[in-house]
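Novice: Got a structure here, written out as structure tokens. Questions coming.
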Amino acid sequence: MLTVRAPATSANLGSGFDVFGAALGHPADVVRVERASETTISVTGAGAEFVPTDPSENTAGVVARELDAPAHIRIDKGVRPSSGLGSSAASAAGAAVALNELYDRGLSDEELVRLAAEGEAVVSGEAHADNVAPSILGGFTIVTDDGITTMDADLPVVVCLPDIVVSTRDARGVVPETVGMDQLVETVGNASTLVAGMARDDPELVGRGLTDPVVTPARAELVDGYDAVTEAAREAGATGVTISGAGPGVLAVCRHRGQRRAVASAMVGAFADEGVDSFAYQTEIGRGAEIYRA
Ligand SMILES: Nc1ncnc2c1ncn2[C@@H]1O[C@H](COP(=O)(O)OP(=O)(O)OP(=O)(O)O)[C@@H](O)[C@H]1O
Ligand SMILES: N[C@@H](CCO)C(=O)O
């Protein structure tokens, strides 16, 4: 038996659609694996009722199949499904790290990310690595076809999770198929600013770099109260706000840890004013998946 904690993640970070991702200090999925002749899956925790236990439909089950590593897999969901916090990715990442260790396969970090991305494909239809990379590697990650770049980053954030469901499939459906040159230039500028900010642990630069003129405005239509919550977070001192992953989670970057409480309370209050219940995680960019009990 082996246990792995795989953290929630926030993909895109506004200007880095399908490229940027960051691991969060919490919440996390806990994945327990035990060798077996056939893979079985059981799921408990946040939103467990929405998670398939058929291994061919569960991201962790697909990882076991791809690695040819059958196991009894127990997933304790800390990351609510369809949250924008990389829920399905956390299970895939946890399973990849756990099964690699359980079966002593010796995969490299990059191979583990590719394997976990195959697990993700069962949910989104495509193998995205922008959530699984930070869940496995930790910190801030940049995923391109040519490889993965990782960076440690120390940044306080708040992620507010409204009680509405937005599936990644639906959120991808509203993304514009083309962009104008002005939007391209703005996006490149913001993405570059964000990377410089991550390298310097500078919340002002990261906050500025979260702005995105293309994907976030289209997706904001799917998140009731998004504009009001953004404004409230900024008024409470956040340097920047964006949709976390495909939504509906909303991520705000704070200047210092002590500010998170006020930002969290402002975001929850703004959602409440729109008639939406929500919960805010006061967290930070954190570590990747950890094997914490063998
Ligand atoms: N192990 C798993 N954990 C969570 N969801 C899973 C898992 N396996 C399959 N799913 C399915 O994946 C869907 C949730 O994934 P989705 O990508 O929509 O949300 P997310 O991972 O929270 O968001 P995002 O990728 O935007 O951060 C649900 O429909 C759920 O049934
Ligand atoms: N980059 C992906 C993350 C969610 O899987 C998206 O925003 O659609």
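Chain labels A, B, ... are given in the sequence in which chains occur in the structure tokens; within each chain residues are numbered consecutively from 1, and ligands are likewise numbered from 1 in the order shown.
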Taking only C-alpha atoms and all ligand atoms into account, which residues have an atom no farther than 7 Å from ligand 1? I'd like them as a CSV table (one decimal) with C-alpha atoms, in the first residue's frame.
Specialist:
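After the write, pocket_37.csv holds the following:
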chain,number,residue,atom,x,y,z
A,9,THR,CA,-3.7,23.4,-9.4
A,10,SER,CA,-4.7,26.5,-11.3
A,11,ALA,CA,-4.2,26.3,-15.0
A,50,PHE,CA,-19.8,12.9,-9.5
A,51,VAL,CA,-16.6,10.8,-10.1
A,52,PRO,CA,-16.9,7.6,-12.1
A,57,GLU,CA,-13.7,6.6,-17.2
A,58,ASN,CA,-11.7,7.7,-14.2
A,59,THR,CA,-8.4,9.6,-14.8
A,60,ALA,CA,-6.6,7.5,-12.3
A,80,ARG,CA,-14.1,19.2,-6.0
A,81,PRO,CA,-14.8,17.9,-9.6
A,82,SER,CA,-15.5,20.5,-12.2
A,83,SER,CA,-14.1,23.3,-10.0
A,84,GLY,CA,-11.4,24.7,-12.2
A,85,LEU,CA,-8.9,23.5,-9.6
A,86,GLY,CA,-7.6,20.6,-11.6
A,87,SER,CA,-9.7,17.9,-9.8
A,88,SER,CA,-9.4,15.2,-12.4
A,89,ALA,CA,-5.8,16.1,-12.9
A,91,SER,CA,-6.2,12.1,-9.3
A,92,ALA,CA,-4.3,11.4,-12.5
A,123,VAL,CA,-12.3,13.9,-19.3
A,124,SER,CA,-11.4,16.6,-21.8
A,131,ASN,CA,-2.8,20.8,-14.6
A,166,VAL,CA,-18.8,24.5,-15.2
A,167,SER,CA,-17.4,21.5,-17.1
A,168,THR,CA,-14.1,21.8,-18.9
A,169,ARG,CA,-15.8,20.6,-22.1
A,244,SER,CA,-8.9,29.4,-12.4
A,245,GLY,CA,-8.5,26.7,-15.1
A,246,ALA,CA,-11.8,26.3,-17.0
A,247,GLY,CA,-13.7,27.7,-14.0
Novice: Quick one: DSSP strand (DSSP E or B) residues in segment 47-267 of chain A, as a ChimeraX atom specification?
Specialist: /A:71-77,140-144,147-151,156-162,240-243,250-253
Novice: For the residues selected in the previous step, produce a file with C-alpha atoms as a PDB file, in the first residue's frame.
Specialist:
ATOM      1  CA  ALA A  71      -4.184  -1.766  -8.582  1.00  0.00           C
ATOM      2  CA  HIS A  72      -6.898  -1.188  -6.040  1.00  0.00           C
ATOM      3  CA  ILE A  73      -7.034   2.599  -6.137  1.00  0.00           C
ATOM      4  CA  ARG A  74      -8.726   4.567  -3.372  1.00  0.00           C
ATOM      5  CA  ILE A  75      -9.201   8.252  -4.056  1.00  0.00           C
ATOM      6  CA  ASP A  76     -10.088  10.682  -1.284  1.00  0.00           C
ATOM      7  CA  LYS A  77     -11.175  13.799  -3.159  1.00  0.00           C
ATOM      8  CA  PHE A 140       4.776  27.414 -11.534  1.00  0.00           C
ATOM      9  CA  THR A 141       4.959  25.450 -14.796  1.00  0.00           C
ATOM     10  CA  ILE A 142       5.084  26.318 -18.479  1.00  0.00           C
ATOM     11  CA  VAL A 143       3.975  23.446 -20.733  1.00  0.00           C
ATOM     12  CA  THR A 144       4.616  23.545 -24.478  1.00  0.00           C
ATOM     13  CA  GLY A 147       8.815  20.426 -23.016  1.00  0.00           C
ATOM     14  CA  ILE A 148       8.046  21.620 -19.517  1.00  0.00           C
ATOM     15  CA  THR A 149       9.726  24.488 -17.680  1.00  0.00           C
ATOM     16  CA  THR A 150       9.286  24.698 -13.909  1.00  0.00           C
ATOM     17  CA  MET A 151       9.933  27.526 -11.517  1.00  0.00           C
ATOM     18  CA  PRO A 156      -0.032  34.141  -1.648  1.00  0.00           C
ATOM     19  CA  VAL A 157      -3.302  33.488  -3.465  1.00  0.00           C
ATOM     20  CA  VAL A 158      -6.994  33.094  -2.780  1.00  0.00           C
ATOM     21  CA  VAL A 159      -9.150  30.757  -4.844  1.00  0.00           C
ATOM     22  CA  CYS A 160     -12.868  31.246  -4.453  1.00  0.00           C
ATOM     23  CA  LEU A 161     -15.051  28.339  -5.478  1.00  0.00           C
ATOM     24  CA  PRO A 162     -18.687  29.198  -6.229  1.00  0.00           C
ATOM     25  CA  GLY A 240      -4.935  40.613 -10.214  1.00  0.00           C
ATOM     26  CA  VAL A 241      -7.835  38.215 -10.674  1.00  0.00           C
ATOM     27  CA  THR A 242      -8.717  35.584 -13.257  1.00  0.00           C
ATOM     28  CA  ILE A 243     -10.732  32.417 -13.790  1.00  0.00           C
ATOM     29  CA  VAL A 250     -11.780  32.444  -9.395  1.00  0.00           C
ATOM     30  CA  LEU A 251      -8.134  33.074  -8.478  1.00  0.00           C
ATOM     31  CA  ALA A 252      -6.800  36.280  -6.906  1.00  0.00           C
ATOM     32  CA  VAL A 253      -3.143  37.115  -6.258  1.00  0.00           C
TER      33      VAL A 253
END
Novice: Neighbouring residues of Arg257 of chain A were defined as those with any atom within 12 Å, considering only C-alpha atoms; residues of the same chain fewer than 5 positions away were excluded. Please report them as a short mmCIF file (atom, residue, chain, number, x, y, z; two decimals) with N, CA and C atoms, in the first residue's frame.
Specialist:
data_model
loop_
_atom_site.label_atom_id
_atom_site.label_comp_id
_atom_site.auth_asym_id
_atom_site.auth_seq_id
_atom_site.Cartn_x
_atom_site.Cartn_y
_atom_site.Cartn_z
N ASP A 154 6.92 31.86 -4.80
CA ASP A 154 6.36 32.07 -3.47
C ASP A 154 5.36 33.21 -3.57
N LEU A 155 4.08 32.84 -3.57
CA LEU A 155 3.06 33.85 -3.85
C LEU A 155 1.76 33.50 -3.12
N PRO A 156 1.25 34.42 -2.31
CA PRO A 156 -0.03 34.14 -1.65
C PRO A 156 -1.20 34.33 -2.61
N VAL A 157 -2.13 33.39 -2.59
CA VAL A 157 -3.30 33.49 -3.47
C VAL A 157 -4.57 33.09 -2.70
N VAL A 158 -5.68 33.55 -3.25
CA VAL A 158 -6.99 33.09 -2.78
C VAL A 158 -7.70 32.48 -3.97
N PRO A 203 4.24 39.95 -6.66
CA PRO A 203 2.79 39.86 -6.86
C PRO A 203 2.22 40.95 -7.76
N GLY A 237 -7.59 44.56 -2.23
CA GLY A 237 -6.13 44.61 -2.32
C GLY A 237 -5.49 43.61 -3.26
N ALA A 238 -6.27 42.74 -3.92
CA ALA A 238 -5.65 41.77 -4.84
C ALA A 238 -5.00 42.52 -6.00
N ALA A 262 -8.90 39.20 3.94
CA ALA A 262 -9.80 40.27 3.47
C ALA A 262 -10.24 40.00 2.03
N VAL A 263 -9.31 39.50 1.21
CA VAL A 263 -9.64 39.22 -0.19
C VAL A 263 -10.66 38.07 -0.26
N ALA A 264 -10.42 37.04 0.55
CA ALA A 264 -11.33 35.89 0.56
C ALA A 264 -12.73 36.33 0.98
N GLN A 282 -7.65 30.10 1.27
CA GLN A 282 -6.53 31.05 1.42
C GLN A 282 -5.27 30.20 1.33
N THR A 283 -4.56 30.31 0.24
CA THR A 283 -3.45 29.38 0.04
C THR A 283 -2.27 30.09 -0.62
N GLU A 284 -1.42 29.32 -1.29
CA GLU A 284 -0.22 29.88 -1.92
C GLU A 284 0.23 28.92 -3.01
N ILE A 285 1.18 29.36 -3.82
CA ILE A 285 1.74 28.43 -4.79
C ILE A 285 2.57 27.42 -3.98
#
Novice: For atom CA of Arg5 of chain A and atom CA of Asp54 of chain A, determine how far apart the two atoms are, in Å to one decimal place.
Specialist: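 Distance between the two atoms: 21.6 Å.
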Novice: Please return as a short mmCIF file (atom, residue, chain, number, x, y, z; two decimals) with C-alpha atoms, in the first residue's frame: the residues of segment 32-215 of chain A that backbone DSSP assigns to alpha helix (DSSP H).
Specialist:
data_model
loop_
_atom_site.label_atom_id
_atom_site.label_comp_id
_atom_site.auth_asym_id
_atom_site.auth_seq_id
_atom_site.Cartn_x
_atom_site.Cartn_y
_atom_site.Cartn_z
CA THR A 59 -8.42 9.57 -14.83
CA ALA A 60 -6.57 7.45 -12.26
CA GLY A 61 -7.88 4.24 -13.84
CA VAL A 62 -6.65 5.32 -17.27
CA VAL A 63 -3.21 6.00 -15.79
CA ALA A 64 -3.15 2.46 -14.32
CA ARG A 65 -4.11 1.03 -17.72
CA GLU A 66 -1.53 3.10 -19.63
CA SER A 87 -9.71 17.94 -9.82
CA SER A 88 -9.45 15.22 -12.43
CA ALA A 89 -5.76 16.10 -12.88
CA ALA A 90 -4.97 15.72 -9.17
CA SER A 91 -6.22 12.12 -9.25
CA ALA A 92 -4.30 11.40 -12.45
CA ALA A 93 -1.13 12.95 -11.04
CA GLY A 94 -1.48 11.10 -7.74
CA ALA A 95 -2.05 7.79 -9.51
CA ALA A 96 0.93 8.29 -11.84
CA VAL A 97 3.31 9.06 -8.98
CA ALA A 98 1.92 6.29 -6.77
CA LEU A 99 1.85 3.53 -9.40
CA ASN A 100 5.30 4.43 -10.71
CA GLU A 101 6.61 3.92 -7.18
CA LEU A 102 4.45 0.84 -6.41
CA ASP A 109 9.21 13.55 -14.02
CA GLU A 110 8.51 14.45 -17.63
CA GLU A 111 7.34 10.89 -18.40
CA LEU A 112 5.06 10.98 -15.35
CA VAL A 113 3.51 14.22 -16.60
CA ARG A 114 2.87 12.72 -20.05
CA LEU A 115 1.35 9.61 -18.45
CA ALA A 116 -0.95 11.64 -16.20
CA ALA A 117 -1.96 13.78 -19.19
CA GLU A 118 -3.14 10.61 -20.92
CA GLY A 119 -5.39 10.06 -17.90
CA GLU A 120 -6.75 13.61 -18.26
CA ALA A 121 -7.71 12.91 -21.87
CA VAL A 122 -10.60 10.73 -20.71
CA VAL A 123 -12.26 13.87 -19.30
CA SER A 124 -11.44 16.63 -21.78
CA VAL A 132 -0.97 17.55 -14.22
CA ALA A 133 2.46 19.19 -14.64
CA PRO A 134 2.16 21.49 -11.60
CA SER A 135 0.35 18.79 -9.59
CA ILE A 136 3.34 16.48 -10.08
CA LEU A 137 6.21 18.98 -10.18
CA THR A 168 -14.08 21.85 -18.91
CA ARG A 169 -15.79 20.60 -22.06
CA ASP A 170 -18.37 23.42 -21.93
CA ALA A 171 -15.77 26.05 -21.07
CA ARG A 172 -13.63 25.02 -24.04
CA GLY A 173 -16.67 25.36 -26.27
CA MET A 181 -3.25 41.02 -33.74
CA ASP A 182 -3.95 43.58 -30.96
CA GLN A 183 -5.15 40.77 -28.69
CA LEU A 184 -2.11 38.68 -29.56
CA VAL A 185 0.27 41.51 -28.70
CA GLU A 186 -1.54 42.20 -25.42
CA THR A 187 -1.49 38.52 -24.48
CA VAL A 188 2.22 38.12 -25.21
CA GLY A 189 2.96 41.23 -23.14
CA ASN A 190 0.89 40.01 -20.20
CA ALA A 191 2.26 36.46 -20.31
CA SER A 192 5.82 37.80 -20.35
CA THR A 193 5.06 40.09 -17.43
CA LEU A 194 3.62 37.16 -15.48
CA VAL A 195 6.70 34.99 -16.03
CA ALA A 196 8.98 37.82 -14.90
CA GLY A 197 6.77 38.20 -11.85
CA MET A 198 6.98 34.51 -11.00
CA ALA A 199 10.78 34.60 -11.34
CA ARG A 200 10.94 37.53 -8.90
CA PRO A 203 2.79 39.86 -6.86
CA GLU A 204 2.37 43.18 -8.69
CA LEU A 205 3.83 41.79 -11.93
CA VAL A 206 2.02 38.47 -11.63
CA GLY A 207 -1.27 40.26 -10.94
CA ARG A 208 -0.79 42.46 -14.01
CA GLY A 209 0.08 39.44 -16.13
CA VAL A 215 -10.36 33.49 -23.21
#
Novice: Could you please determine the separation between atom CA of Ala232 of chain A and atom CA of Ala270 of chain A in Å, to one decimal place?
Specialist: 6.5 Å
Novice: Atom CA of Gly14 of chain A and atom CA of Val31 of chain A are how many Å apart?
Specialist: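 Separating atom CA of Gly14 of chain A from atom CA of Val31 of chain A is a distance of 29.3 Å.
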Novice: Which of these, A:Gly25, A:Gly275, A:Pro248, A:Gly286, has the shortest distance to ligand 2 once you count only C-alpha atoms and all ligand atoms?
Specialist: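 The closest residue to ligand 2 is A:Pro248.
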